[in-house]
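Here is the file protein.cif (mmCIF, C-alpha atoms and all ligand atoms).
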```cif
data_entry
#
loop_
_atom_site.label_atom_id
_atom_site.label_comp_id
_atom_site.auth_asym_id
_atom_site.auth_seq_id
_atom_site.Cartn_x
_atom_site.Cartn_y
_atom_site.Cartn_z
CA LEU A 1 -2.04 71.17 25.79
CA ASN A 2 -4.20 73.16 23.39
CA SER A 3 -2.06 76.20 24.03
CA LEU A 4 1.39 74.62 23.59
CA ASP A 5 3.36 75.30 20.42
CA GLU A 6 4.70 72.38 18.40
CA ASP A 7 8.16 72.31 20.01
CA ALA A 8 6.91 72.65 23.57
CA LEU A 9 4.40 69.85 22.97
CA LYS A 10 7.15 67.59 21.59
CA GLU A 11 9.29 68.32 24.62
CA LEU A 12 6.41 67.45 26.95
CA ILE A 13 5.76 64.22 25.04
CA ALA A 14 9.43 63.18 25.27
CA THR A 15 9.47 63.93 29.01
CA GLU A 16 6.29 61.95 29.67
CA LEU A 17 7.46 58.99 27.57
CA GLU A 18 10.66 58.91 29.62
CA ALA A 19 8.80 59.19 32.95
CA VAL A 20 6.37 56.39 32.26
CA ARG A 21 9.16 54.08 31.07
CA HIS A 22 11.05 54.73 34.32
CA ARG A 23 7.97 53.49 36.18
CA SER A 24 7.48 50.43 33.93
CA LEU A 25 11.09 49.31 34.40
CA GLY A 26 10.79 50.01 38.14
CA LEU A 27 7.94 47.50 38.23
CA THR A 28 9.73 44.85 36.15
CA THR A 29 13.34 44.34 35.06
CA ASP A 30 14.80 46.79 37.63
CA VAL A 31 13.34 44.89 40.59
CA LEU A 32 12.54 41.27 39.70
CA ASP A 33 14.51 38.32 38.31
CA GLY A 34 13.65 36.44 35.12
CA PRO A 35 11.53 33.66 36.65
CA GLU A 36 9.41 36.18 38.55
CA LEU A 37 8.84 38.20 35.40
CA THR A 38 7.74 35.19 33.34
CA ALA A 39 5.63 33.57 36.11
CA GLN A 40 1.89 33.94 36.24
CA VAL A 41 0.71 34.83 39.75
CA SER A 42 -2.99 34.63 38.90
CA PRO A 43 -5.03 33.55 35.85
CA LEU A 44 -6.49 37.08 35.96
CA MET A 45 -3.15 38.67 35.16
CA SER A 46 -0.50 38.50 32.47
CA PRO A 47 3.08 37.60 33.30
CA LEU A 48 4.81 40.96 33.94
CA VAL A 49 7.09 40.38 30.96
CA TRP A 50 4.00 40.27 28.69
CA ASP A 51 2.85 43.72 29.89
CA LEU A 52 6.36 45.06 29.34
CA ALA A 53 6.73 43.94 25.73
CA HIS A 54 3.06 44.72 25.01
CA VAL A 55 3.46 48.42 25.85
CA GLY A 56 6.45 48.55 23.52
CA ASN A 57 4.62 46.75 20.73
CA TYR A 58 1.62 49.10 21.12
CA GLU A 59 4.05 52.01 20.90
CA GLU A 60 5.56 50.54 17.73
CA LEU A 61 2.12 50.10 16.13
CA TRP A 62 0.85 53.59 16.93
CA LEU A 63 3.88 55.88 17.11
CA LEU A 64 6.18 54.27 14.53
CA ARG A 65 3.93 52.59 11.99
CA ALA A 66 0.75 54.73 12.21
CA ALA A 67 2.04 58.20 13.17
CA ALA A 68 5.51 58.23 11.57
CA GLY A 69 5.07 55.73 8.71
CA VAL A 70 8.10 53.70 9.79
CA GLU A 71 8.50 50.08 8.58
CA PRO A 72 7.58 47.34 11.12
CA MET A 73 10.51 46.28 13.31
CA ARG A 74 9.25 42.86 14.44
CA PRO A 75 5.94 42.12 12.70
CA GLU A 76 6.24 38.46 13.68
CA ILE A 77 5.65 39.28 17.37
CA ASP A 78 2.52 41.42 16.86
CA ASP A 79 0.24 38.45 17.37
CA LEU A 80 1.82 37.51 20.73
CA TYR A 81 1.13 40.94 22.18
CA ASN A 82 -2.32 41.44 20.74
CA ALA A 83 -4.58 41.30 23.81
CA PHE A 84 -7.50 40.04 21.68
CA GLU A 85 -5.63 37.03 20.30
CA HIS A 86 -4.70 35.52 23.65
CA PRO A 87 -6.59 35.77 26.98
CA ARG A 88 -4.46 36.59 30.03
CA SER A 89 -4.63 33.03 31.35
CA GLU A 90 -2.91 31.70 28.20
CA ARG A 91 -0.12 34.24 27.97
CA PRO A 92 2.49 32.39 30.07
CA ARG A 93 2.47 29.53 27.54
CA LEU A 94 3.21 31.77 24.54
CA PRO A 95 6.75 31.99 23.11
CA LEU A 96 7.16 35.45 24.68
CA LEU A 97 10.35 37.50 24.41
CA PRO A 98 12.47 36.69 27.48
CA PRO A 99 12.91 39.65 29.90
CA ASP A 100 16.25 40.88 28.48
CA GLU A 101 14.98 40.76 24.91
CA ALA A 102 11.73 42.46 25.88
CA ARG A 103 13.66 45.28 27.55
CA ASP A 104 15.94 45.68 24.51
CA TYR A 105 13.00 45.60 22.08
CA ILE A 106 11.03 48.33 23.87
CA ALA A 107 14.19 50.45 24.19
CA ALA A 108 14.82 50.12 20.44
CA VAL A 109 11.22 51.15 19.70
CA ARG A 110 11.60 54.12 22.01
CA ALA A 111 14.83 55.30 20.36
CA LYS A 112 13.12 55.29 16.95
CA VAL A 113 10.09 57.11 18.34
CA LEU A 114 12.25 59.93 19.72
CA ASP A 115 14.11 60.05 16.38
CA SER A 116 10.91 60.29 14.36
CA LEU A 117 9.22 62.82 16.64
CA GLY A 118 11.05 65.69 14.94
CA SER A 119 9.45 64.99 11.56
CA VAL A 120 5.85 64.36 12.71
CA ARG A 121 3.47 67.33 12.56
CA LEU A 122 1.35 67.83 15.69
CA ASN A 123 -0.46 71.04 14.74
CA GLY A 124 -1.70 69.87 11.37
CA SER A 125 -5.09 68.48 10.48
CA SER A 126 -4.53 64.74 11.01
CA PRO A 127 -6.89 63.74 13.86
CA LEU A 128 -4.42 61.05 14.92
CA THR A 129 -1.58 63.46 15.69
CA VAL A 130 -3.33 66.80 16.34
CA ASN A 131 -2.31 68.17 19.74
CA GLY A 132 -0.19 65.02 20.11
CA PHE A 133 -3.29 62.83 20.56
CA VAL A 134 -1.75 59.48 19.61
CA TYR A 135 1.33 60.19 21.76
CA GLY A 136 -0.99 60.95 24.67
CA MET A 137 -2.83 57.71 23.96
CA VAL A 138 0.41 55.71 24.10
CA VAL A 139 1.62 57.42 27.30
CA GLN A 140 -1.75 56.77 28.98
CA HIS A 141 -1.73 53.18 27.74
CA GLU A 142 1.63 52.50 29.39
CA HIS A 143 0.44 54.16 32.63
CA GLN A 144 -2.65 51.94 32.60
CA HIS A 145 -0.47 48.87 32.25
CA ASP A 146 1.72 50.13 35.11
CA GLU A 147 -1.36 50.14 37.33
CA THR A 148 -2.22 46.64 36.11
CA MET A 149 1.36 45.52 36.86
CA LEU A 150 1.04 46.93 40.38
CA ALA A 151 -2.11 44.81 40.83
CA THR A 152 0.01 41.82 39.77
CA HIS A 153 2.57 42.78 42.44
CA GLN A 154 -0.21 42.91 45.02
CA LEU A 155 -1.26 39.36 44.06
CA ARG A 156 2.29 37.97 44.36
CA LYS A 157 2.81 35.80 47.42
CA GLY A 158 6.57 36.24 47.72
CA ALA A 159 8.65 39.03 49.14
CA PRO A 160 7.45 42.39 47.85
CA ALA A 161 9.42 44.00 45.06
CA LEU A 162 11.00 47.32 45.87
CA LEU A 163 8.56 49.80 44.47
CA ASP A 164 10.62 52.96 44.80
CA PRO A 165 7.84 55.39 45.75
CA PRO A 166 8.85 58.86 44.55
CA GLY A 167 7.64 60.43 47.80
CA THR A 168 4.80 60.61 50.27
CA PRO A 169 2.75 63.81 50.33
CA PRO A 170 2.18 65.35 53.76
CA PRO A 171 -0.98 64.00 55.41
CA VAL A 172 -3.26 67.06 55.44
CA ARG A 173 -6.49 66.13 57.18
CA ASP A 174 -9.68 68.00 57.80
CA ALA A 175 -11.77 67.36 60.90
CA ALA A 176 -15.09 67.80 59.06
CA PRO A 177 -16.78 64.42 59.37
CA ALA A 178 -17.86 62.35 56.39
CA ASP A 179 -21.41 63.19 55.42
CA GLU A 180 -23.57 63.42 52.33
CA VAL A 181 -24.40 66.48 50.22
CA PHE A 182 -27.56 67.44 48.37
CA ILE A 183 -27.24 67.94 44.61
CA GLU A 184 -30.14 69.89 43.18
CA ALA A 185 -32.10 68.65 40.17
CA GLY A 186 -31.03 70.02 36.81
CA PRO A 187 -28.85 69.65 33.76
CA PHE A 188 -25.04 69.45 33.62
CA GLU A 189 -22.36 68.95 30.96
CA MET A 190 -21.16 65.33 30.88
CA GLY A 191 -18.12 64.20 28.89
CA THR A 192 -15.88 66.37 26.74
CA SER A 193 -15.52 67.49 23.15
CA ASP A 194 -12.33 69.51 23.53
CA ASP A 195 -9.99 67.69 25.93
CA PRO A 196 -7.13 66.91 23.52
CA TRP A 197 -6.02 63.60 25.06
CA ALA A 198 -9.47 62.32 26.06
CA TYR A 199 -10.45 58.87 24.80
CA ASP A 200 -13.32 58.29 22.37
CA ASN A 201 -15.50 56.92 25.22
CA GLU A 202 -15.32 60.29 27.06
CA ARG A 203 -16.75 62.09 24.01
CA PRO A 204 -18.78 64.02 23.06
CA CYS A 205 -19.81 66.58 25.68
CA HIS A 206 -23.58 66.30 26.12
CA ILE A 207 -26.22 67.64 28.50
CA VAL A 208 -27.68 65.26 31.08
CA ASP A 209 -30.63 66.32 33.24
CA LEU A 210 -30.71 64.57 36.63
CA PRO A 211 -33.30 64.49 39.42
CA ALA A 212 -32.08 65.72 42.82
CA TYR A 213 -29.97 63.27 44.83
CA TYR A 214 -27.65 62.93 47.79
CA ILE A 215 -24.08 61.63 47.48
CA ASP A 216 -21.51 60.74 50.15
CA THR A 217 -18.70 63.26 50.65
CA GLU A 218 -16.16 60.45 51.17
CA PRO A 219 -15.63 56.88 49.95
CA VAL A 220 -16.86 54.10 52.27
CA THR A 221 -14.16 53.26 54.86
CA ASN A 222 -12.89 49.88 56.05
CA ALA A 223 -14.58 50.61 59.41
CA ALA A 224 -17.96 51.17 57.78
CA TYR A 225 -17.55 48.10 55.60
CA LEU A 226 -16.63 46.03 58.67
CA SER A 227 -19.93 47.11 60.30
CA PHE A 228 -21.72 45.59 57.30
CA MET A 229 -19.74 42.38 57.75
CA GLU A 230 -20.42 42.27 61.50
CA ALA A 231 -24.12 42.87 60.89
CA GLY A 232 -24.16 39.62 58.90
CA GLY A 233 -24.04 41.32 55.52
CA TYR A 234 -22.42 38.33 53.82
CA ASP A 235 -25.14 36.01 55.16
CA SER A 236 -28.19 38.10 54.24
CA PRO A 237 -29.43 37.56 50.68
CA GLU A 238 -31.86 40.49 51.01
CA TRP A 239 -29.01 42.98 50.54
CA TRP A 240 -27.63 41.33 47.42
CA HIS A 241 -28.36 41.54 43.72
CA PRO A 242 -29.52 38.02 42.65
CA LYS A 243 -26.32 37.57 40.63
CA GLY A 244 -24.34 38.98 43.54
CA TRP A 245 -25.81 36.40 45.91
CA GLU A 246 -24.92 33.69 43.38
CA TRP A 247 -21.36 35.05 43.33
CA ARG A 248 -21.27 35.20 47.14
CA CYS A 249 -22.40 31.55 47.50
CA ALA A 250 -20.26 30.14 44.69
CA SER A 251 -17.10 32.01 45.77
CA GLY A 252 -17.52 31.56 49.53
CA LYS A 253 -16.15 35.10 50.02
CA ARG A 254 -16.90 36.80 53.34
CA ALA A 255 -14.50 39.77 53.31
CA PRO A 256 -12.66 42.03 50.82
CA ALA A 257 -9.78 40.44 48.93
CA PHE A 258 -6.50 40.27 50.88
CA TRP A 259 -8.22 40.47 54.30
CA ILE A 260 -7.09 37.82 56.80
CA ARG A 261 -8.78 36.93 60.10
CA GLU A 262 -6.19 36.25 62.80
CA GLY A 263 -6.42 36.22 66.59
CA GLY A 264 -9.78 37.99 66.61
CA GLN A 265 -8.42 40.78 64.43
CA TRP A 266 -8.71 41.74 60.78
CA LEU A 267 -5.39 42.00 58.98
CA ARG A 268 -4.64 42.64 55.34
CA ARG A 269 -1.85 41.53 53.06
CA ARG A 270 -0.38 44.43 51.13
CA PHE A 271 2.57 43.85 48.77
CA GLY A 272 3.54 40.74 50.71
CA LYS A 273 3.35 42.38 54.16
CA VAL A 274 0.61 41.60 56.66
CA GLU A 275 -0.68 44.53 58.75
CA PRO A 276 -3.85 45.50 60.65
CA VAL A 277 -6.63 46.75 58.37
CA PRO A 278 -6.42 50.58 58.57
CA MET A 279 -9.97 51.38 59.57
CA ASP A 280 -10.06 54.99 58.35
CA GLU A 281 -8.88 54.22 54.80
CA PRO A 282 -11.40 53.58 52.00
CA VAL A 283 -12.26 49.91 51.60
CA GLN A 284 -10.61 48.50 48.48
CA HIS A 285 -10.56 45.20 46.61
CA VAL A 286 -14.33 44.76 46.77
CA CYS A 287 -16.29 43.72 43.70
CA TRP A 288 -19.35 45.52 42.32
CA TYR A 289 -21.67 43.00 43.96
CA GLU A 290 -20.17 43.64 47.41
CA ALA A 291 -20.41 47.42 46.91
CA ASP A 292 -24.00 47.07 45.75
CA ALA A 293 -24.91 44.90 48.78
CA TYR A 294 -23.27 47.29 51.25
CA ALA A 295 -25.16 50.24 49.76
CA ARG A 296 -28.52 48.48 50.08
CA TRP A 297 -27.73 47.50 53.68
CA ALA A 298 -26.89 51.17 54.40
CA GLY A 299 -30.26 52.26 52.98
CA LYS A 300 -28.56 53.76 49.95
CA ARG A 301 -27.43 52.72 46.47
CA LEU A 302 -24.42 53.15 44.21
CA PRO A 303 -24.37 56.45 42.28
CA THR A 304 -25.02 56.32 38.57
CA GLU A 305 -22.08 57.32 36.44
CA ALA A 306 -23.81 60.64 35.64
CA GLU A 307 -24.41 61.35 39.34
CA TRP A 308 -20.73 60.71 40.04
CA GLU A 309 -19.65 63.07 37.26
CA LYS A 310 -22.06 65.87 38.16
CA ALA A 311 -20.87 65.75 41.78
CA ALA A 312 -17.25 65.81 40.57
CA ARG A 313 -17.33 68.38 37.74
CA TRP A 314 -20.37 70.61 37.68
CA ASP A 315 -20.01 74.13 39.05
CA PRO A 316 -23.53 75.47 39.63
CA ASP A 317 -22.19 79.03 40.03
CA THR A 318 -20.57 79.24 36.61
CA GLY A 319 -22.85 76.75 34.88
CA ARG A 320 -20.01 74.69 33.43
CA SER A 321 -18.17 71.45 34.14
CA ARG A 322 -14.56 71.43 35.34
CA ARG A 323 -11.81 69.07 34.22
CA TYR A 324 -11.07 68.10 37.86
CA PRO A 325 -13.21 68.54 40.99
CA TRP A 326 -11.14 71.56 42.10
CA GLY A 327 -10.71 73.30 38.72
CA ASP A 328 -9.42 72.86 35.18
CA GLU A 329 -5.72 72.35 35.93
CA TYR A 330 -4.04 69.36 37.51
CA GLU A 331 -2.33 70.38 40.76
CA GLU A 332 -0.01 68.29 42.92
CA GLY A 333 -1.25 67.77 46.46
CA ARG A 334 -4.98 67.83 45.70
CA ALA A 335 -5.36 64.07 45.18
CA ASN A 336 -3.67 60.79 46.08
CA LEU A 337 -2.46 59.66 42.66
CA GLY A 338 0.66 58.31 41.00
CA GLN A 339 1.72 55.35 43.16
CA ARG A 340 3.26 57.72 45.70
CA MET A 341 1.66 56.52 48.92
CA LEU A 342 1.13 52.94 47.73
CA HIS A 343 -2.19 52.87 49.59
CA PRO A 344 -5.37 54.98 49.84
CA SER A 345 -5.30 58.00 52.16
CA PRO A 346 -7.32 58.12 55.41
CA GLU A 347 -10.70 59.82 55.60
CA GLY A 348 -10.49 63.62 55.69
CA SER A 349 -7.33 63.79 53.55
CA PHE A 350 -6.97 66.15 50.60
CA PRO A 351 -9.70 68.65 51.56
CA SER A 352 -8.28 70.89 48.81
CA GLY A 353 -9.39 68.30 46.25
CA ALA A 354 -13.10 68.84 47.01
CA SER A 355 -15.55 69.56 44.18
CA ALA A 356 -17.84 72.61 43.93
CA TYR A 357 -20.41 70.64 45.96
CA GLY A 358 -17.85 69.75 48.67
CA VAL A 359 -17.49 66.11 47.62
CA ARG A 360 -14.00 64.82 48.41
CA ARG A 361 -11.44 62.36 47.07
CA LEU A 362 -13.36 61.72 43.86
CA ILE A 363 -10.04 61.69 42.01
CA GLY A 364 -7.40 59.30 43.36
CA ASP A 365 -7.42 56.95 46.40
CA VAL A 366 -9.72 54.22 45.02
CA TRP A 367 -11.54 53.66 41.73
CA GLU A 368 -15.25 53.95 42.47
CA TRP A 369 -17.87 51.51 41.24
CA THR A 370 -20.95 53.12 39.69
CA SER A 371 -24.28 51.45 38.96
CA THR A 372 -23.95 52.14 35.22
CA ASP A 373 -23.15 49.68 32.41
CA PHE A 374 -20.33 50.74 30.07
CA ARG A 375 -21.81 52.19 26.85
CA GLY A 376 -21.07 54.94 24.34
CA TYR A 377 -22.43 58.43 24.93
CA PRO A 378 -25.01 59.80 22.48
CA GLY A 379 -23.05 60.64 19.32
CA PHE A 380 -20.18 58.25 20.21
CA ARG A 381 -17.71 57.62 17.41
CA SER A 382 -14.99 55.04 17.76
CA PHE A 383 -11.49 56.60 17.48
CA PRO A 384 -8.86 55.58 16.61
CA TYR A 385 -9.74 51.88 17.01
CA LYS A 386 -12.79 49.89 18.15
CA GLU A 387 -10.87 47.60 20.47
CA TYR A 388 -10.06 50.29 23.05
CA SER A 389 -13.69 50.96 24.06
CA GLU A 390 -16.43 49.99 21.69
CA VAL A 391 -16.03 46.21 21.80
CA PHE A 392 -16.65 46.37 25.58
CA PHE A 393 -19.94 48.31 25.39
CA GLY A 394 -22.95 46.43 26.73
CA PRO A 395 -24.33 44.93 29.94
CA ASP A 396 -21.26 42.90 30.95
CA TYR A 397 -19.08 45.72 32.29
CA LYS A 398 -19.69 48.30 35.03
CA VAL A 399 -18.17 51.78 34.88
CA LEU A 400 -15.52 52.80 37.41
CA ARG A 401 -14.60 56.44 37.98
CA GLY A 402 -11.95 58.68 39.50
CA GLY A 403 -8.71 56.68 39.43
CA SER A 404 -6.88 55.19 42.41
CA TRP A 405 -3.69 55.92 44.36
CA ALA A 406 -2.02 53.73 41.70
CA THR A 407 -3.25 55.79 38.73
CA HIS A 408 -0.95 58.35 37.12
CA PRO A 409 -2.33 61.91 36.89
CA LEU A 410 -2.12 61.77 33.07
CA ALA A 411 -4.36 58.70 32.99
CA VAL A 412 -7.35 60.12 34.89
CA ARG A 413 -9.57 63.24 34.88
CA GLY A 414 -13.19 64.07 35.70
CA THR A 415 -14.36 62.61 32.39
CA PHE A 416 -12.18 59.46 32.41
CA ARG A 417 -14.09 56.17 32.24
CA ASN A 418 -12.76 52.78 33.34
CA TRP A 419 -14.73 49.53 33.27
CA ASP A 420 -14.55 45.96 34.54
CA PHE A 421 -16.62 42.86 35.23
CA PRO A 422 -18.78 43.13 38.38
CA ILE A 423 -16.92 40.19 40.02
CA ARG A 424 -13.43 41.70 39.80
CA ARG A 425 -11.59 42.49 43.05
CA GLN A 426 -7.88 42.60 42.20
CA ILE A 427 -8.12 46.21 40.97
CA PHE A 428 -7.70 49.13 43.41
CA THR A 429 -11.41 49.69 43.74
CA GLY A 430 -13.81 50.92 46.41
CA PHE A 431 -17.01 52.96 46.21
CA ARG A 432 -19.18 55.67 47.71
CA CYS A 433 -22.97 55.68 48.13
CA ALA A 434 -25.80 57.91 46.94
CA ARG A 435 -29.57 58.03 47.38
CA ASP A 436 -32.63 59.63 45.81
CA ALA A 437 -33.53 62.99 47.33
CA GLU A 438 -37.25 62.27 47.69
CA SER A 439 -36.64 58.96 49.52
CA ASN A 440 -35.23 61.07 52.41
C1 LIG A 501 -9.38 50.74 30.50
C2 LIG A 501 -8.18 49.57 32.19
C3 LIG A 501 -10.11 48.56 31.19
O1 LIG A 501 -6.60 47.32 31.03
O2 LIG A 501 -8.18 46.42 29.88
C4 LIG A 501 -4.93 48.55 28.27
C5 LIG A 501 -6.92 49.64 29.42
N1 LIG A 501 -6.64 48.93 27.03
N2 LIG A 501 -4.65 48.13 27.05
C6 LIG A 501 -7.56 47.41 30.28
C7 LIG A 501 -6.18 49.05 28.27
C8 LIG A 501 -5.68 48.35 26.27
C9 LIG A 501 -8.09 48.77 29.86
N3 LIG A 501 -8.91 49.41 30.92
FE FE A 502 -2.87 47.23 26.45
#
```
Kindly transcribe the structure held in the file into structure tokens.
Ligand code: AVJ
Ligand code: FE
Amino acid sequence: LNSLDEDALKELIATELEAVRHRSLGLTTDVLDGPELTAQVSPLMSPLVWDLAHVGNYEELWLLRAAAGVEPMRPEIDDLYNAFEHPRSERPRLPLLPPDEARDYIAAVRAKVLDSLGSVRLNGSSPLTVNGFVYGMVVQHEHQHDETMLATHQLRKGAPALLDPPGTPPPVRDAAPADEVFIEAGPFEMGTSDDPWAYDNERPCHIVDLPAYYIDTEPVTNAAYLSFMEAGGYDSPEWWHPKGWEWRCASGKRAPAFWIREGGQWLRRRFGKVEPVPMDEPVQHVCWYEADAYARWAGKRLPTEAEWEKAARWDPDTGRSRRYPWGDEYEEGRANLGQRMLHPSPEGSFPSGASAYGVRRLIGDVWEWTSTDFRGYPGFRSFPYKEYSEVFFGPDYKVLRGGSWATHPLAVRGTFRNWDFPIRRQIFTGFRCARDAESN
């Protein structure tokens, strides 16, 4: 992106805006009827029609009003689509734009954005538009909502919507068994100061010095997680964080979300279909407390966020951090991203996505819980607004890394930070384990 000239960057922005909209419509008005778009399937989620109009309203605020100085189109609806005004559980009762109007509104915003793009300067000195930053922010925002909308689809009880996967990559698998690798003590570069579309919470690049540790080469599989269950993991408070045990008792949960016990077998519901749990795929839909309990049972612990990032990005031979585990450029076929497979890949897949240390599937497949609370890096400065990251800093949220099979390649990289409450399970989340080196 740094190296693109103004016209090439504008062309890329127009292409990516178009691509993400295709996905958003493919998750909403193209595949579901009005009542399904306005229904709320869970108090944790917005009605799909809220997400749809919200991405358009966000685009109007940032790309029309802020970047291009265009007059507001529908200022009276701003409040409805401001995520801070109305919690998700209340959104179905708001006077939302009906599906047809929402689709027309976001299309009208988009037409004006493409019109105004010609007169906005992307290689000037405005930090909002330099290298197309605010356009990248809006594209990533819509991709993030597309992943959220897919989680809403997963929670729906009815017939699955047609998801139109763009294609399934060939299943390349490597026979090398899952293991752990040793990461030597020493400093590495965490975060970024020069990635043009990175969020404020990924900045700035800073040096972090870590003691030696071991980290798993693969995410924890369904088979491994089932061993924890069969060993009485859900009935043994000694493995659980005190708040985790409280959650376990209050919720009555005894298996990952969407697992069903039937005829002595574990099945899972995926987009309305029930199928046997695929034992060699990473476990997903577990909360932080379940991941934390599993790790303790296994004699390990969750990695810190810094341990995750060093294993993913640091190249000890060159003494610098990479943008992705495999290098600085995104390459198709090195990770399970982009809602192509519609599920995580089995263990051993994507060996070409390994990091310098030989750690695999850090990017894609499942978001990975880390032990770290979401906070700003040293030197953090909120940009361009506090409500993206800063208002969530503190002990309430845990950091998730690496993206899932449902994450678009533009919305994840080695520095990307996601966060959620430690009880959340509807997101496409699993984990891997680590341990101190001296504990052997
Ligand atoms: C970064 C995924 C936690 O969905 O709450 C969407 C992304 N921010 N709209 C969220 C986001 C504003 C955010 N997460
Ligand atoms: Fe949003």
Would you compute the box with edges along x, y and z of the file around ligand LIG 501 (chain A), including every atom the file lists for it and 5 Å extra on each side, and give its centre and edge lengths in Å to one decimal, as lines of an AutoDock Vina configuration file?
```
center_x = -7.4
center_y = 48.6
center_z = 29.2
size_x = 15.5
size_y = 14.3
size_z = 15.9
```
Report summary line: From CA of Val49 (chain A) to CA of Leu80 (chain A) the spacing works out at 11.9 Å
Query - Among the residues A:Gln40, A:Val366, A:Pro409, A:Glu189, the one that comes closest to Thr318 (chain A) [using only C-alpha atoms] - result: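 Nearest candidate to Thr318 (chain A) out of A:Gln40, A:Val366, A:Pro409, A:Glu189: A:Glu189.
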Each residue of chain A lying at most 7 Å from ligand LIG 501 (chain A) should get a row with its shortest atom-to-atom pair and the distance in Å to one decimal, counting only C-alpha atoms and all ligand atoms; could you produce that, ordered by chain and increasing number, as JSON lines?
```
{"residue": "A:His141", "atom": "CA", "partner": "A:LIG501", "partner_atom": "C4", "distance": 5.7}
{"residue": "A:Gln144", "atom": "CA", "partner": "A:LIG501", "partner_atom": "C5", "distance": 5.8}
{"residue": "A:His145", "atom": "CA", "partner": "A:LIG501", "partner_atom": "C4", "distance": 6.0}
{"residue": "A:Thr148", "atom": "CA", "partner": "A:LIG501", "partner_atom": "O1", "distance": 6.7}
{"residue": "A:Tyr388", "atom": "CA", "partner": "A:LIG501", "partner_atom": "N1", "distance": 5.4}
{"residue": "A:Asn418", "atom": "CA", "partner": "A:LIG501", "partner_atom": "C1", "distance": 4.9}
{"residue": "A:Trp419", "atom": "CA", "partner": "A:LIG501", "partner_atom": "C3", "distance": 5.2}
{"residue": "A:Asp420", "atom": "CA", "partner": "A:LIG501", "partner_atom": "C3", "distance": 6.1}
```
Query raised in the report: What is the distance, in Å and to one decimal place, between CA of Asp235 (chain A) and CA of Trp266 (chain A)?
Result: 18.3 Å
Report task. For ligand FE 502 (chain A), list the contacting residues at 12 Å or closer, counting all atoms listed in the file, as number ranges by chain. Result -> A: 46, 50-59, 61, 81-84, 88, 137-149, 387-389
Query - Using only C-alpha atoms: which of A:Tyr213, A:Tyr377, A:Phe392, A:Phe228 has the shortest distance to Asp436 (chain A) - result: A:Tyr213
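When CA of Ser119 (chain A) is paired with CA of His22 (chain A), their separation reads 25.0 Å.
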Query raised in the report: Restricting the calculation to all atoms listed in the file, which member of A:Asp365, A:Glu184, A:Asp174, A:Glu202 is positioned closest to Ala311 (chain A)?
Result: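 Checking each candidate against Ala311 (chain A), we get A:Glu184 as the closest.
Considering the residues A:His343, A:Arg360, A:Arg91, A:His408 and counting only C-alpha atoms, Arg313 (chain A) has its shortest atom-to-atom contact with A:Arg360.
Counting all atoms listed in the file, the residue from A:Ala198, A:Ala306, A:Val172, A:Tyr294 that sits nearest to Ala231 (chain A) is A:Tyr294.
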Query - Long-range neighbours of Ser345 (chain A) as number ranges by chain, 9 Å cut-off, all atoms listed in the file, 6 positions minimum in chain - result: A: 171, 280-282, 336, 365, 405
Report task. May I ask which of the residues A:Cys433, A:Leu117, A:Gly263, A:Ile423 is the closest one to Val70 (chain A), counting all atoms listed in the file? Result ->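 Closest residue, counting all atoms listed in the file: A:Leu117.
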Distance query region 92-103 of chain A at most 12 Å, only C-alpha atoms, self and fewer than 2 positions along chain excluded, as a short mmCIF file (atom, residue, chain, number, x, y, z; two decimals) with C-alpha atoms, in the frame of the given file:
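The new file around15.cif reads:
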```cif
data_model
loop_
_atom_site.label_atom_id
_atom_site.label_comp_id
_atom_site.auth_asym_id
_atom_site.auth_seq_id
_atom_site.Cartn_x
_atom_site.Cartn_y
_atom_site.Cartn_z
CA ARG A 21 9.16 54.08 31.07
CA HIS A 22 11.05 54.73 34.32
CA SER A 24 7.48 50.43 33.93
CA LEU A 25 11.09 49.31 34.40
CA GLY A 26 10.79 50.01 38.14
CA THR A 28 9.73 44.85 36.15
CA THR A 29 13.34 44.34 35.06
CA ASP A 30 14.80 46.79 37.63
CA VAL A 31 13.34 44.89 40.59
CA LEU A 32 12.54 41.27 39.70
CA ASP A 33 14.51 38.32 38.31
CA GLY A 34 13.65 36.44 35.12
CA PRO A 35 11.53 33.66 36.65
CA GLU A 36 9.41 36.18 38.55
CA LEU A 37 8.84 38.20 35.40
CA THR A 38 7.74 35.19 33.34
CA ALA A 39 5.63 33.57 36.11
CA GLN A 40 1.89 33.94 36.24
CA VAL A 41 0.71 34.83 39.75
CA SER A 42 -2.99 34.63 38.90
CA PRO A 43 -5.03 33.55 35.85
CA LEU A 44 -6.49 37.08 35.96
CA MET A 45 -3.15 38.67 35.16
CA SER A 46 -0.50 38.50 32.47
CA PRO A 47 3.08 37.60 33.30
CA LEU A 48 4.81 40.96 33.94
CA VAL A 49 7.09 40.38 30.96
CA TRP A 50 4.00 40.27 28.69
CA ASP A 51 2.85 43.72 29.89
CA LEU A 52 6.36 45.06 29.34
CA ALA A 53 6.73 43.94 25.73
CA HIS A 54 3.06 44.72 25.01
CA VAL A 55 3.46 48.42 25.85
CA GLY A 56 6.45 48.55 23.52
CA ASN A 57 4.62 46.75 20.73
CA ARG A 74 9.25 42.86 14.44
CA GLU A 76 6.24 38.46 13.68
CA ILE A 77 5.65 39.28 17.37
CA ASP A 78 2.52 41.42 16.86
CA ASP A 79 0.24 38.45 17.37
CA LEU A 80 1.82 37.51 20.73
CA TYR A 81 1.13 40.94 22.18
CA ASN A 82 -2.32 41.44 20.74
CA GLU A 85 -5.63 37.03 20.30
CA HIS A 86 -4.70 35.52 23.65
CA PRO A 87 -6.59 35.77 26.98
CA ARG A 88 -4.46 36.59 30.03
CA SER A 89 -4.63 33.03 31.35
CA GLU A 90 -2.91 31.70 28.20
CA TYR A 105 13.00 45.60 22.08
CA ILE A 106 11.03 48.33 23.87
CA ALA A 107 14.19 50.45 24.19
CA ALA A 108 14.82 50.12 20.44
CA VAL A 109 11.22 51.15 19.70
CA ARG A 110 11.60 54.12 22.01
#
```
